[in-house]
Each structure stands twice: as structure tokens, then as C-alpha cells.
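Colleague: Compact mmCIF, C-alpha atoms, saved as protein-v3.txt, coming up:
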```
# COMPACT_ATOMS: atom_id res chain seq x y z
CA MET A 1 3.13 12.41 -1.55
CA PRO A 2 4.56 8.85 -1.47
CA LYS A 3 2.15 5.93 -1.55
CA PHE A 4 2.44 2.67 0.33
CA ILE A 5 0.94 -0.73 -0.47
CA SER A 6 0.14 -2.71 2.68
CA ILE A 7 -0.40 -6.44 2.15
CA SER A 8 -1.50 -9.12 4.61
CA CYS A 9 1.10 -11.89 4.62
CA LEU A 10 -1.04 -14.69 6.03
CA PRO A 11 -1.09 -16.39 3.56
CA LEU A 12 2.19 -15.32 1.97
CA PRO A 13 2.32 -13.58 -1.42
CA THR A 14 3.24 -16.03 -4.19
CA PHE A 15 5.60 -15.57 -7.12
CA VAL A 16 3.85 -16.33 -10.44
CA GLN A 17 6.24 -15.39 -13.23
CA GLY A 18 8.87 -12.87 -14.20
CA GLY A 19 11.05 -11.71 -17.04
CA TYR A 20 13.31 -9.10 -18.54
CA ALA A 21 11.73 -6.58 -20.91
CA ILE A 22 13.47 -4.54 -23.60
CA PHE A 23 11.73 -1.68 -25.41
CA ASP A 24 13.27 0.26 -28.26
CA GLU A 25 12.60 3.87 -29.21
CA GLY A 26 9.02 4.41 -30.36
CA GLU A 27 7.56 1.36 -28.58
CA LYS A 28 5.01 1.47 -25.76
CA HIS A 29 4.20 -0.67 -22.75
CA PRO A 30 1.01 -2.74 -23.26
CA ASP A 31 -2.33 -1.28 -22.21
CA ARG A 32 -3.92 -3.53 -19.56
CA ASP A 33 -6.79 -3.22 -17.09
CA ASN A 34 -7.58 -6.79 -16.04
CA LEU A 35 -4.25 -8.24 -14.89
CA GLN A 36 -4.93 -10.12 -11.66
CA TYR A 37 -1.38 -9.88 -10.29
CA PHE A 38 0.80 -7.26 -8.68
CA VAL A 39 3.65 -6.25 -11.00
CA LEU A 40 6.99 -5.25 -9.50
CA PHE A 41 9.27 -3.33 -11.89
CA THR A 42 13.01 -2.81 -11.41
CA ILE A 43 14.36 -0.37 -13.99
CA VAL A 44 17.85 -1.07 -15.39
CA LYS A 45 18.23 1.26 -18.36
CA GLY A 46 16.40 4.13 -20.07
CA SER A 47 13.05 5.63 -19.01
CA LEU A 48 9.71 3.85 -18.67
CA TYR A 49 6.68 6.11 -19.04
CA ILE A 50 3.96 4.19 -17.21
CA ALA A 51 0.52 5.36 -16.05
CA GLU A 52 -1.92 3.80 -13.62
CA ASP A 53 -5.54 4.97 -13.39
CA GLY A 54 -4.69 8.34 -14.93
CA THR A 55 -1.53 9.10 -12.91
CA ASN A 56 1.68 9.34 -14.96
CA TYR A 57 5.06 8.10 -13.72
CA THR A 58 8.54 8.37 -15.26
CA LEU A 59 10.68 5.49 -14.01
CA LYS A 60 14.47 5.72 -14.14
CA PRO A 61 17.33 3.25 -13.54
CA GLY A 62 17.39 2.16 -9.90
CA ASP A 63 13.64 2.66 -9.46
CA THR A 64 11.33 -0.08 -8.27
CA PHE A 65 7.63 0.40 -8.88
CA LEU A 66 4.55 -1.63 -7.94
CA LEU A 67 1.48 -1.82 -10.18
CA LEU A 68 -1.81 -2.88 -8.61
CA PRO A 69 -3.92 -5.84 -9.77
CA GLN A 70 -7.17 -5.15 -11.66
CA HIS A 71 -6.18 -1.49 -12.24
CA HIS A 72 -5.65 0.23 -15.58
CA HIS A 73 -1.99 0.66 -16.53
CA TYR A 74 -0.52 1.77 -19.84
CA SER A 75 2.17 3.93 -21.47
CA TRP A 76 1.47 7.64 -21.30
CA LYS A 77 4.38 8.36 -23.66
CA LYS A 78 6.35 6.36 -26.22
CA ILE A 79 9.81 5.13 -25.29
CA ASP A 80 12.37 7.74 -26.42
CA LYS A 81 15.49 5.62 -25.85
CA ARG A 82 16.20 1.94 -25.34
CA THR A 83 14.67 0.92 -22.01
CA GLU A 84 15.24 -2.29 -20.08
CA TYR A 85 13.71 -3.55 -16.85
CA TYR A 86 12.84 -6.63 -14.82
CA TRP A 87 9.21 -7.45 -14.09
CA ILE A 88 7.80 -9.82 -11.50
CA HIS A 89 4.17 -10.91 -11.22
CA PHE A 90 3.04 -12.05 -7.80
CA SER A 91 -0.32 -13.06 -6.39
CA VAL A 92 -1.89 -12.11 -3.06
CA LEU A 93 -4.79 -13.98 -1.43
CA GLY A 94 -4.82 -11.78 1.64
CA SER A 95 -6.15 -8.26 2.02
CA TRP A 96 -4.23 -5.25 0.75
CA THR A 97 -4.66 -1.50 0.39
CA GLU A 98 -2.85 1.47 -1.17
CA ASP A 99 -2.66 4.68 0.84
CA GLU A 100 -0.41 7.58 1.77
CA ARG A 101 0.60 5.76 4.95
CA PRO A 102 1.15 2.10 5.86
CA HIS A 103 -1.58 0.00 7.52
CA GLN A 104 -1.69 -3.19 9.53
CA MET A 105 -3.74 -5.66 7.48
CA ALA A 106 -5.78 -8.46 9.03
CA PRO A 107 -4.70 -12.02 8.12
CA ASN A 108 -6.99 -14.14 5.95
CA ILE A 109 -6.06 -17.22 7.96
CA ALA A 110 -7.71 -17.66 11.35
CA ILE A 111 -5.16 -17.64 14.16
CA PRO A 112 -6.20 -19.64 17.28
CA LYS A 113 -6.25 -17.38 20.32
CA GLN A 114 -4.04 -19.71 22.35
CA HIS A 115 -1.29 -19.12 19.77
CA TYR A 116 -0.93 -15.52 20.86
CA PHE A 117 2.69 -15.45 19.74
CA THR A 118 1.77 -15.79 16.03
CA PRO A 119 2.22 -12.35 14.45
CA ALA A 120 -0.29 -10.89 12.02
CA VAL A 121 2.41 -9.86 9.59
CA THR A 122 1.88 -7.04 7.12
CA LEU A 123 4.16 -6.41 4.16
CA VAL A 124 4.56 -2.72 3.31
CA ILE A 125 6.14 -1.62 0.03
CA LYS A 126 6.61 1.90 -1.25
CA LYS A 127 4.87 2.14 -4.58
CA TRP A 128 7.82 3.99 -6.12
CA GLN A 129 11.31 4.11 -4.66
CA GLN A 130 15.01 4.21 -5.48
CA VAL A 131 16.98 1.17 -4.33
CA ASP A 132 20.53 -0.15 -4.50
CA THR A 133 20.19 -2.54 -7.44
CA ALA A 134 23.69 -4.05 -7.02
CA PRO A 135 22.49 -6.72 -4.54
CA LEU A 136 18.91 -6.82 -5.91
CA ILE A 137 19.58 -7.69 -9.55
CA PRO A 138 21.54 -10.91 -8.81
CA LEU A 139 18.58 -12.08 -6.72
CA ILE A 140 16.18 -11.41 -9.59
CA ASP A 141 18.50 -13.13 -12.09
CA ARG A 142 18.58 -16.24 -9.90
CA LEU A 143 14.80 -16.10 -9.50
CA LEU A 144 14.31 -16.04 -13.28
CA LYS A 145 16.85 -18.85 -13.74
CA TYR A 146 15.09 -21.16 -11.29
CA SER A 147 11.61 -20.27 -12.54
CA SER A 148 12.64 -21.32 -16.06
CA GLU A 149 13.45 -24.80 -14.79
CA GLN A 150 10.19 -26.70 -15.20
CA ASN A 151 10.46 -28.86 -12.10
CA SER A 152 9.38 -28.83 -8.47
CA VAL A 153 12.86 -27.91 -7.21
CA GLY A 154 12.94 -24.82 -9.39
CA PHE A 155 9.48 -23.86 -8.15
CA TRP A 156 10.44 -23.92 -4.47
CA GLN A 157 13.75 -22.17 -5.07
CA SER A 158 11.89 -19.46 -6.98
CA GLN A 159 9.47 -18.94 -4.10
CA GLN A 160 12.30 -18.66 -1.60
CA LEU A 161 14.14 -16.13 -3.74
CA PHE A 162 10.95 -14.15 -4.26
CA ILE A 163 10.56 -13.77 -0.49
CA ASP A 164 14.17 -12.52 -0.33
CA ILE A 165 13.38 -9.95 -3.03
CA ILE A 166 10.21 -8.80 -1.24
CA GLN A 167 12.15 -8.41 2.00
CA PHE A 168 14.75 -6.37 0.14
CA VAL A 169 12.21 -3.83 -1.18
CA GLN A 170 9.89 -3.75 1.84
CA TYR A 171 9.43 -0.56 3.86
CA ALA A 172 10.58 -0.62 7.48
CA LEU A 173 7.81 0.80 9.63
CA PRO A 174 8.93 3.58 12.00
CA SER A 175 7.71 3.75 15.57
CA VAL A 176 4.39 5.58 15.93
CA SER A 177 2.38 7.18 18.74
CA SER A 178 -0.44 5.31 20.49
CA THR A 179 -3.00 7.64 18.86
CA GLU A 180 -1.57 6.98 15.41
CA GLN A 181 -1.40 3.26 16.11
CA LEU A 182 -5.06 3.17 17.10
CA GLY A 183 -6.06 5.33 14.15
CA ASN A 184 -4.24 3.01 11.75
CA ARG A 185 -5.72 -0.09 13.39
CA VAL A 186 -9.25 1.30 13.13
CA LYS A 187 -8.67 2.39 9.54
CA SER A 188 -7.29 -1.03 8.61
CA TYR A 189 -10.29 -2.67 10.28
CA LEU A 190 -12.67 -0.49 8.27
CA ILE A 191 -10.84 -1.35 5.04
CA ASN A 192 -10.81 -5.07 5.81
CA HIS A 193 -14.50 -5.14 6.85
CA PHE A 194 -16.02 -2.42 4.65
CA SER A 195 -18.64 -4.81 3.21
CA GLU A 196 -19.91 -5.74 6.70
CA PRO A 197 -22.07 -3.80 9.18
CA VAL A 198 -19.68 -1.65 11.25
CA THR A 199 -21.33 0.13 14.18
CA ASN A 200 -20.00 1.97 17.22
CA GLN A 201 -20.78 -1.16 19.23
CA VAL A 202 -18.69 -3.29 16.85
CA LEU A 203 -15.74 -0.90 17.13
CA GLN A 204 -16.06 -0.75 20.93
CA GLU A 205 -15.97 -4.55 21.19
CA ARG A 206 -13.09 -4.80 18.72
CA PHE A 207 -10.83 -2.13 20.25
CA HIS A 208 -12.02 -2.18 23.89
CA LEU A 209 -12.52 1.58 23.99
CA HIS A 210 -15.55 3.84 24.28
CA PRO A 211 -16.79 4.91 20.81
CA ASN A 212 -16.24 8.58 21.69
CA SER A 213 -12.56 7.86 22.42
CA ILE A 214 -12.18 5.91 19.17
CA THR A 215 -13.81 8.71 17.18
CA ARG A 216 -11.69 11.42 18.84
CA LYS A 217 -8.40 9.64 18.17
CA PHE A 218 -9.40 8.69 14.63
CA GLU A 219 -10.33 12.30 13.86
CA ALA A 220 -6.98 13.46 15.24
CA GLU A 221 -5.24 11.35 12.58
CA PHE A 222 -7.58 11.51 9.59
CA TYR A 223 -9.72 14.64 10.11
CA MET A 224 -12.94 12.66 9.78
CA THR A 225 -14.94 10.19 11.85
CA PRO A 226 -14.70 6.41 11.30
CA LYS A 227 -18.22 6.50 9.87
CA GLN A 228 -17.29 9.21 7.37
CA TYR A 229 -14.16 7.31 6.34
CA LEU A 230 -16.10 4.06 5.92
CA ASN A 231 -18.79 5.69 3.79
CA ASN A 232 -16.17 7.34 1.59
CA TYR A 233 -14.24 4.07 1.19
CA ARG A 234 -17.42 2.19 0.25
CA LEU A 235 -18.30 4.78 -2.37
CA MET A 236 -14.79 4.72 -3.85
CA GLU A 237 -14.91 0.93 -4.00
CA GLY A 238 -18.34 1.14 -5.62
CA ALA A 239 -16.97 3.54 -8.24
CA ARG A 240 -14.07 1.19 -8.95
CA ARG A 241 -16.44 -1.71 -9.51
CA LEU A 242 -18.64 0.39 -11.78
CA ARG A 243 -15.52 1.11 -13.88
CA THR A 244 -14.11 -2.38 -13.99
CA THR A 245 -17.02 -4.85 -13.76
CA GLY A 246 -20.38 -5.47 -15.39
CA GLN A 247 -22.13 -6.06 -12.07
CA SER A 248 -25.53 -4.43 -11.53
CA VAL A 249 -25.75 -1.32 -9.37
CA ALA A 250 -27.80 -3.27 -6.82
CA ARG A 251 -25.18 -6.03 -6.62
CA ILE A 252 -22.35 -3.51 -6.22
CA ALA A 253 -24.29 -1.63 -3.53
CA GLU A 254 -24.78 -4.84 -1.56
CA GLU A 255 -21.16 -5.98 -1.91
CA VAL A 256 -19.72 -2.65 -0.72
CA GLY A 257 -21.88 -2.59 2.40
CA TYR A 258 -25.13 -0.84 1.49
CA GLN A 259 -28.28 -2.84 2.20
CA ASN A 260 -30.40 -0.30 0.32
CA VAL A 261 -29.49 0.41 -3.31
CA TYR A 262 -31.44 3.68 -3.27
CA TYR A 263 -29.43 4.96 -0.31
CA PHE A 264 -26.23 3.90 -2.09
CA SER A 265 -27.31 5.83 -5.21
CA LYS A 266 -28.20 8.88 -3.14
CA GLN A 267 -24.81 8.90 -1.38
CA PHE A 268 -22.99 8.18 -4.65
CA LYS A 269 -24.64 11.14 -6.38
CA LYS A 270 -23.77 13.40 -3.46
CA LYS A 271 -20.08 12.47 -3.80
CA PHE A 272 -19.66 12.19 -7.58
CA ASN A 273 -22.41 14.57 -8.78
CA CYS A 274 -23.98 11.86 -10.91
CA SER A 275 -25.85 8.61 -10.44
CA PRO A 276 -24.02 5.27 -10.51
CA SER A 277 -25.46 4.51 -13.96
CA GLU A 278 -24.38 7.90 -15.32
CA TYR A 279 -20.91 7.39 -13.81
CA ARG A 280 -20.58 4.05 -15.57
CA GLN A 281 -21.63 5.57 -18.91
CA GLN A 282 -19.15 8.47 -18.54
CA THR A 283 -16.19 6.26 -17.61
CA PRO A 284 -14.14 4.69 -20.44
CA GLN A 285 -14.05 0.89 -20.18
```
Show the structure stored in the file as C-alpha cells.
Modeller:
Amino acid sequence: MPKFISISCLPLPTFVQGGYAIFDEGEKHPDRDNLQYFVLFTIVKGSLYIAEDGTNYTLKPGDTFLLLPQHHHYSWKKIDKRTEYYWIHFSVLGSWTEDERPHQMAPNIAIPKQHYFTPAVTLVIKKWQQVDTAPLIPLIDRLLKYSSEQNSVGFWQSQQLFIDIIQFVQYALPSVSSTEQLGNRVKSYLINHFSEPVTNQVLQERFHLHPNSITRKFEAEFYMTPKQYLNNYRLMEGARRLRTTGQSVARIAEEVGYQNVYYFSKQFKKKFNCSPSEYRQQTPQ
């Protein structure tokens, strides 16, 4: 099942740095779990054996691949022949999510209501895809050239080229039904506001529909109610923070939307068959 990364583009993603990597037989990609940037790979030669959070990928020439920030990525197998690829780090201040379908992400910049013509743009990229590298590689080469020039002109040229590259690899959203559109909008709202109180009244005011209608259409798309999806998302986010941060269980519970740490622990144990503290102890850091 393909995965899509949906990124809010208000504000725009920003190019940070990039380069060209060469690995010889027997070498391995670095093991990292705290990189704060997205990493976009474009494979030129050989095979890159990369894993992210326990899922193994074998990348071939012509593949582009997007690693997520603050997730664990590493080599699951040593390089068996000379491998070369471009890498680009870019930063996102807006919201983003990874899922098996694209989502419309809310902007992080307030848009005045009178400016109704301003679009809330979402960038969607397939996590792993084959592309025509003939036009892409010259763009990346120019990006790296300008980024190596330590001056303001090189900086702005790099940012412009980065946007061209992102547009090249972005996924064009197909037309969808009204039920699917609503389901995706509700799901995106839940993802963007998971740490806040989300009630039927909140959803009714946000989407101008009766809660029963919202629930029925959401279930038609995702086979669960909005409440069930929100609780599951909160627990998954809580598990991620237990793996990757040193925050207390109470702090994590509060930040993922649970006002009562004991209720959070009860729901967590129901889903993962262990308490939050036990989960943290069992998970390699």
C-alpha cells in the first residue's frame, strides 16, 4: 500500500542543505533518530537499503524517497555494490501527516476571512515513487551549486530551485466524491487539532453538518467514527513520544489531548496491552 505525506504549505517548506552521497560495498547509511528535517532521496546508482521505524525499503535508480523528521532511520543491510544518490534536507513549520491517502492540511498562518481567494495549499508527496530523473537531476545539481555559494543570492536561488524540485515530485490529487472529501477534511481536522477538545458540537460548527451526518460519512470512508479515529491517533502519538522523548507520562497525556493521565493510561493499556511506562521500558531508545 503506497503512503503519502501531506504537508501544509502556509508557510512554505524551506530548503536547508543537500548533497551527493557515495557508498561503497560494505558501508551502511548512518543510524539516526533525531534528525529534525525531512530527507528527500533521489537514487542514481546501485541499491540503498534503508529502514524507517522498522519498515525496510530497497531503493533503486530512479526512485525518490522521503524520510520523516524525528523518526528512526538506518540501514537494514550493508551496501552490496557502489551506490550513489542525492539527498535534500528541508524544514516544515506547518502541519504534516503520513497516511495511505492524501489529506488537506490546515495552514499555520491565519488567513483573514475577507481574503477568501487565498488557497490553503497542501503539498502531497508519495513516500516512495519512480520518477523521470532526466529533468530532475539537473535541477538538483543547480540547487547544490547555488547552495554552495555562501551569499544571499545563492540562498534565494536555492530556495526557488527547491520549490521547482518539490513541484516536480509532488502528487497530483485526483478528483474525489463529496463523501470522501468530507471524510478527508474531518480526518485532517482531527489530525491538526488532536491535542484540543474535539466534540460533536465542535465538528458541527466546523463543517456545518449534523454530527450524525458527519459520523455516517466518516464511517463510510474509514470504518470507524471520528471519536474512535481521534482516540487512536492520540494513543499512537502518545506511543511515539514515549519512544522518542523523555517527557513524563502525565505531560505526554496532556499534550496529546487527555486531561486525565489515568484515563490515558487505561486507554493506552487497552490498545498496546501494557502501561505507558512498560511500553517505554520495552522500546529500544
Colleague: Give me, as JSON lines, the closest atom pair and its distance (Å, one decimal) for every residue of segment 190-238 of chain A within a cut-off of 8 Å of segment 252-269 of chain A, counting all atoms listed in the file, rows sorted by chain and rising number.
Modeller:
```
{"residue": "A:Phe194", "atom": "CA", "partner": "A:Gly257", "partner_atom": "CA", "distance": 6.3}
{"residue": "A:Ser195", "atom": "CA", "partner": "A:Gly257", "partner_atom": "CA", "distance": 4.0}
{"residue": "A:Glu196", "atom": "CA", "partner": "A:Gly257", "partner_atom": "CA", "distance": 5.7}
{"residue": "A:Pro197", "atom": "CA", "partner": "A:Gly257", "partner_atom": "CA", "distance": 6.9}
{"residue": "A:Arg234", "atom": "CA", "partner": "A:Val256", "partner_atom": "CA", "distance": 5.4}
{"residue": "A:Leu235", "atom": "CA", "partner": "A:Phe268", "partner_atom": "CA", "distance": 6.2}
{"residue": "A:Glu237", "atom": "CA", "partner": "A:Val256", "partner_atom": "CA", "distance": 6.8}
{"residue": "A:Gly238", "atom": "CA", "partner": "A:Ile252", "partner_atom": "CA", "distance": 6.2}
```
Colleague: For atom CA of Ser91 of chain A and atom CA of Asp132 of chain A, quote the distance in Å rounded to one decimal.
Modeller: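 If I compute the distance from atom CA of Ser91 of chain A to atom CA of Asp132 of chain A, I get 24.6 Å.
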Colleague: Report the distance between atom CA of Asp63 of chain A and atom CA of Ile137 of chain A in Å, rounded to one decimal place.
Modeller: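 Those two atoms sit 11.9 Å apart.
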Colleague: Write out as a tab-separated table the residues of segment 74-140 of chain A that have any atom within 8 Å of an atom of segment 24-47 of chain A, one row each with the nearest atom pair and its distance in Å to one decimal, counting all atoms listed in the file, sorted by chain and then rising number.
Modeller:
```
residue	atom	partner	partner_atom	distance
A:Tyr74	CA	A:Asp31	CA	4.3
A:Ser75	CA	A:His29	CA	5.2
A:Lys77	CA	A:Lys28	CA	7.2
A:Lys78	CA	A:Lys28	CA	5.1
A:Ile79	CA	A:Glu25	CA	5.0
A:Asp80	CA	A:Glu25	CA	4.8
A:Lys81	CA	A:Glu25	CA	4.8
A:Arg82	CA	A:Asp24	CA	4.5
A:Thr83	CA	A:Gly46	CA	4.1
A:Glu84	CA	A:Lys45	CA	4.9
A:Tyr85	CA	A:Ile43	CA	4.3
A:Tyr86	CA	A:Thr42	CA	5.1
A:Trp87	CA	A:Phe41	CA	4.7
A:Ile88	CA	A:Leu40	CA	5.1
A:His89	CA	A:Val39	CA	4.7
A:Phe90	CA	A:Phe38	CA	5.4
A:Ser91	CA	A:Tyr37	CA	5.1
A:Val92	CA	A:Tyr37	CA	7.6
```
Colleague: For C-alpha atoms, I'd like the residues from the last selection saved as a short mmCIF file (atom, residue, chain, number, x, y, z; two decimals), in the frame of the given file.
Modeller:
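Written out: out04.cif:
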```
data_model
loop_
_atom_site.label_atom_id
_atom_site.label_comp_id
_atom_site.auth_asym_id
_atom_site.auth_seq_id
_atom_site.Cartn_x
_atom_site.Cartn_y
_atom_site.Cartn_z
CA TYR A 74 -0.52 1.77 -19.84
CA SER A 75 2.17 3.93 -21.47
CA LYS A 77 4.38 8.36 -23.66
CA LYS A 78 6.35 6.36 -26.22
CA ILE A 79 9.81 5.13 -25.29
CA ASP A 80 12.37 7.74 -26.42
CA LYS A 81 15.49 5.62 -25.85
CA ARG A 82 16.20 1.94 -25.34
CA THR A 83 14.67 0.92 -22.01
CA GLU A 84 15.24 -2.29 -20.08
CA TYR A 85 13.71 -3.55 -16.85
CA TYR A 86 12.84 -6.63 -14.82
CA TRP A 87 9.21 -7.45 -14.09
CA ILE A 88 7.80 -9.82 -11.50
CA HIS A 89 4.17 -10.91 -11.22
CA PHE A 90 3.04 -12.05 -7.80
CA SER A 91 -0.32 -13.06 -6.39
CA VAL A 92 -1.89 -12.11 -3.06
#
```
Colleague: Grab the atom CA of Asn212 of chain A to atom CA of Tyr233 of chain A distance for me, in Å with one decimal place.
Modeller: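 The value is 21.1 Å.
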Colleague: Point out the residue among A:Asn108, A:Asn231, A:Gln201, A:Thr244 with the least atom-to-atom distance to Pro69 of chain A, counting only C-alpha atoms.
Modeller: A:Thr244
Colleague: Output as a Markdown table one row per residue of segment 130-248 of chain A within 12 Å of segment 6-14 of chain A: the closest atom pair and its distance in Å to one decimal place, counting all atoms listed in the file, sorted by chain and residue number ascending.
Modeller:
```
| residue | atom | partner | partner_atom | distance |
| --- | --- | --- | --- | --- |
| A:Phe155 | CA | A:Thr14 | CA | 10.8 |
| A:Trp156 | CA | A:Thr14 | CA | 10.7 |
| A:Ser158 | CA | A:Thr14 | CA | 9.7 |
| A:Gln159 | CA | A:Thr14 | CA | 6.9 |
| A:Gln160 | CA | A:Thr14 | CA | 9.8 |
| A:Leu161 | CA | A:Thr14 | CA | 10.9 |
| A:Phe162 | CA | A:Thr14 | CA | 7.9 |
| A:Ile163 | CA | A:Pro13 | CA | 8.3 |
| A:Asp164 | CA | A:Pro13 | CA | 11.9 |
| A:Ile165 | CA | A:Pro13 | CA | 11.8 |
| A:Ile166 | CA | A:Pro13 | CA | 9.2 |
| A:Gln167 | CA | A:Pro13 | CA | 11.6 |
| A:Gln170 | CA | A:Ser6 | CA | 9.8 |
| A:Tyr171 | CA | A:Ser6 | CA | 9.6 |
| A:Ala172 | CA | A:Ser6 | CA | 11.7 |
| A:Leu173 | CA | A:Ser6 | CA | 10.9 |
| A:Asn184 | CA | A:Ser6 | CA | 11.6 |
| A:Ser188 | CA | A:Ser6 | CA | 9.7 |
| A:Ile191 | CA | A:Ser6 | CA | 11.3 |
| A:Asn192 | CA | A:Ser8 | CA | 10.2 |
```
Colleague: Could you please take those selected residues and save C-alpha atoms as a PDB file, keeping the file's coordinate frame?
Modeller:
```pdb
ATOM      1  CA  PHE A 155       9.480 -23.860  -8.150  1.00  0.00           C
ATOM      2  CA  TRP A 156      10.440 -23.920  -4.470  1.00  0.00           C
ATOM      3  CA  SER A 158      11.890 -19.460  -6.980  1.00  0.00           C
ATOM      4  CA  GLN A 159       9.470 -18.940  -4.100  1.00  0.00           C
ATOM      5  CA  GLN A 160      12.300 -18.660  -1.600  1.00  0.00           C
ATOM      6  CA  LEU A 161      14.140 -16.130  -3.740  1.00  0.00           C
ATOM      7  CA  PHE A 162      10.950 -14.150  -4.260  1.00  0.00           C
ATOM      8  CA  ILE A 163      10.560 -13.770  -0.490  1.00  0.00           C
ATOM      9  CA  ASP A 164      14.170 -12.520  -0.330  1.00  0.00           C
ATOM     10  CA  ILE A 165      13.380  -9.950  -3.030  1.00  0.00           C
ATOM     11  CA  ILE A 166      10.210  -8.800  -1.240  1.00  0.00           C
ATOM     12  CA  GLN A 167      12.150  -8.410   2.000  1.00  0.00           C
ATOM     13  CA  GLN A 170       9.890  -3.750   1.840  1.00  0.00           C
ATOM     14  CA  TYR A 171       9.430  -0.560   3.860  1.00  0.00           C
ATOM     15  CA  ALA A 172      10.580  -0.620   7.480  1.00  0.00           C
ATOM     16  CA  LEU A 173       7.810   0.800   9.630  1.00  0.00           C
ATOM     17  CA  ASN A 184      -4.240   3.010  11.750  1.00  0.00           C
ATOM     18  CA  SER A 188      -7.290  -1.030   8.610  1.00  0.00           C
ATOM     19  CA  ILE A 191     -10.840  -1.350   5.040  1.00  0.00           C
ATOM     20  CA  ASN A 192     -10.810  -5.070   5.810  1.00  0.00           C
TER      21      ASN A 192
END
```
Colleague: Every residue with an atom at most 9 Å from (-6.6, 8.9, 13.4) (file coordinates; only C-alpha atoms) is what I'm after, so could you write them as a ChimeraX atom specification?
Modeller: /A:179-184,186-187,214-226
Colleague: Taking C-alpha atoms for each residue, export the selection above as a short mmCIF file (atom, residue, chain, number, x, y, z; two decimals), in the coordinates of the input.
Modeller:
```cif
data_model
loop_
_atom_site.label_atom_id
_atom_site.label_comp_id
_atom_site.auth_asym_id
_atom_site.auth_seq_id
_atom_site.Cartn_x
_atom_site.Cartn_y
_atom_site.Cartn_z
CA THR A 179 -3.00 7.64 18.86
CA GLU A 180 -1.57 6.98 15.41
CA GLN A 181 -1.40 3.26 16.11
CA LEU A 182 -5.06 3.17 17.10
CA GLY A 183 -6.06 5.33 14.15
CA ASN A 184 -4.24 3.01 11.75
CA VAL A 186 -9.25 1.30 13.13
CA LYS A 187 -8.67 2.39 9.54
CA ILE A 214 -12.18 5.91 19.17
CA THR A 215 -13.81 8.71 17.18
CA ARG A 216 -11.69 11.42 18.84
CA LYS A 217 -8.40 9.64 18.17
CA PHE A 218 -9.40 8.69 14.63
CA GLU A 219 -10.33 12.30 13.86
CA ALA A 220 -6.98 13.46 15.24
CA GLU A 221 -5.24 11.35 12.58
CA PHE A 222 -7.58 11.51 9.59
CA TYR A 223 -9.72 14.64 10.11
CA MET A 224 -12.94 12.66 9.78
CA THR A 225 -14.94 10.19 11.85
CA PRO A 226 -14.70 6.41 11.30
#
```
Colleague: For Leu242 of chain A, find every residue with an atom within 10 Å (counting all atoms listed in the file), except residues of its own chain fewer than 3 positions away, and show them as a PyMOL selection string.
Modeller: chain A and resi 236-239+245-249+252+276-277+279-281+283+285
Colleague: Choose the residue, out of A:Gln70, A:Leu123, A:Trp76, A:Leu203, that has the smallest atom-to-atom separation from Gly94 of chain A; count only C-alpha atoms.
Modeller: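 Among the listed residues, A:Leu123 lies closest to Gly94 of chain A.
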Colleague: For Phe23 of chain A, which residue among A:Phe4, A:Leu48, A:Thr64, A:Trp128 is the nearest when counting only C-alpha atoms?
Modeller: A:Leu48
Colleague: Between A:Leu93, A:Ile22, A:Met1, A:Leu190, which residue has the minimum interatomic distance to Tyr229 of chain A, considering all atoms listed in the file?
Modeller: A:Leu190
Colleague: From the set A:Gln282, A:Ser275, A:Gln17, A:Ser213, which residue has the shortest atom-to-atom contact distance to Ser147 of chain A, counting all atoms listed in the file?
Modeller: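 Under the stated criterion, the closest residue is A:Gln17.
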Colleague: Dump segment 27-38 of chain A with N, CA, C and O atoms to a file, as a PDB file, in the first residue's frame.
Modeller:
```pdb
ATOM      1  N   GLU A  27      29.608  -0.645   3.170  1.00  0.00           N
ATOM      2  CA  GLU A  27      29.263   0.504   4.003  1.00  0.00           C
ATOM      3  C   GLU A  27      27.759   0.524   4.296  1.00  0.00           C
ATOM      4  O   GLU A  27      26.976  -0.180   3.666  1.00  0.00           O
ATOM      5  N   LYS A  28      27.385   1.353   5.284  1.00  0.00           N
ATOM      6  CA  LYS A  28      25.983   1.444   5.690  1.00  0.00           C
ATOM      7  C   LYS A  28      25.599   2.911   5.870  1.00  0.00           C
ATOM      8  O   LYS A  28      26.427   3.739   6.237  1.00  0.00           O
ATOM      9  N   HIS A  29      24.332   3.185   5.618  1.00  0.00           N
ATOM     10  CA  HIS A  29      23.805   4.528   5.875  1.00  0.00           C
ATOM     11  C   HIS A  29      23.813   4.779   7.382  1.00  0.00           C
ATOM     12  O   HIS A  29      23.560   3.868   8.176  1.00  0.00           O
ATOM     13  N   PRO A  30      24.069   6.003   7.833  1.00  0.00           N
ATOM     14  CA  PRO A  30      24.089   6.299   9.269  1.00  0.00           C
ATOM     15  C   PRO A  30      22.757   5.981   9.948  1.00  0.00           C
ATOM     16  O   PRO A  30      21.689   6.065   9.346  1.00  0.00           O
ATOM     17  N   ASP A  31      22.852   5.617  11.215  1.00  0.00           N
ATOM     18  CA  ASP A  31      21.694   5.332  12.054  1.00  0.00           C
ATOM     19  C   ASP A  31      21.305   6.626  12.767  1.00  0.00           C
ATOM     20  O   ASP A  31      22.074   7.171  13.550  1.00  0.00           O
ATOM     21  N   ARG A  32      20.084   7.137  12.492  1.00  0.00           N
ATOM     22  CA  ARG A  32      19.658   8.404  13.090  1.00  0.00           C
ATOM     23  C   ARG A  32      18.215   8.298  13.583  1.00  0.00           C
ATOM     24  O   ARG A  32      17.390   7.632  12.960  1.00  0.00           O
ATOM     25  N   ASP A  33      17.919   8.977  14.671  1.00  0.00           N
ATOM     26  CA  ASP A  33      16.536   9.023  15.154  1.00  0.00           C
ATOM     27  C   ASP A  33      16.109  10.405  15.634  1.00  0.00           C
ATOM     28  O   ASP A  33      15.017  10.571  16.166  1.00  0.00           O
ATOM     29  N   ASN A  34      16.964  11.412  15.466  1.00  0.00           N
ATOM     30  CA  ASN A  34      16.616  12.746  15.971  1.00  0.00           C
ATOM     31  C   ASN A  34      16.824  13.847  14.929  1.00  0.00           C
ATOM     32  O   ASN A  34      16.942  15.018  15.281  1.00  0.00           O
ATOM     33  N   LEU A  35      16.861  13.475  13.654  1.00  0.00           N
ATOM     34  CA  LEU A  35      17.034  14.482  12.610  1.00  0.00           C
ATOM     35  C   LEU A  35      15.739  15.276  12.480  1.00  0.00           C
ATOM     36  O   LEU A  35      14.659  14.699  12.328  1.00  0.00           O
ATOM     37  N   GLN A  36      15.826  16.589  12.546  1.00  0.00           N
ATOM     38  CA  GLN A  36      14.618  17.411  12.582  1.00  0.00           C
ATOM     39  C   GLN A  36      14.091  17.787  11.203  1.00  0.00           C
ATOM     40  O   GLN A  36      13.112  18.528  11.092  1.00  0.00           O
ATOM     41  N   TYR A  37      14.714  17.292  10.145  1.00  0.00           N
ATOM     42  CA  TYR A  37      14.311  17.658   8.795  1.00  0.00           C
ATOM     43  C   TYR A  37      13.710  16.470   8.047  1.00  0.00           C
ATOM     44  O   TYR A  37      13.998  15.314   8.342  1.00  0.00           O
ATOM     45  N   PHE A  38      12.890  16.779   7.025  1.00  0.00           N
ATOM     46  CA  PHE A  38      12.569  15.783   6.020  1.00  0.00           C
ATOM     47  C   PHE A  38      13.824  15.539   5.189  1.00  0.00           C
ATOM     48  O   PHE A  38      14.641  16.446   4.999  1.00  0.00           O
TER      49      PHE A  38
END
```
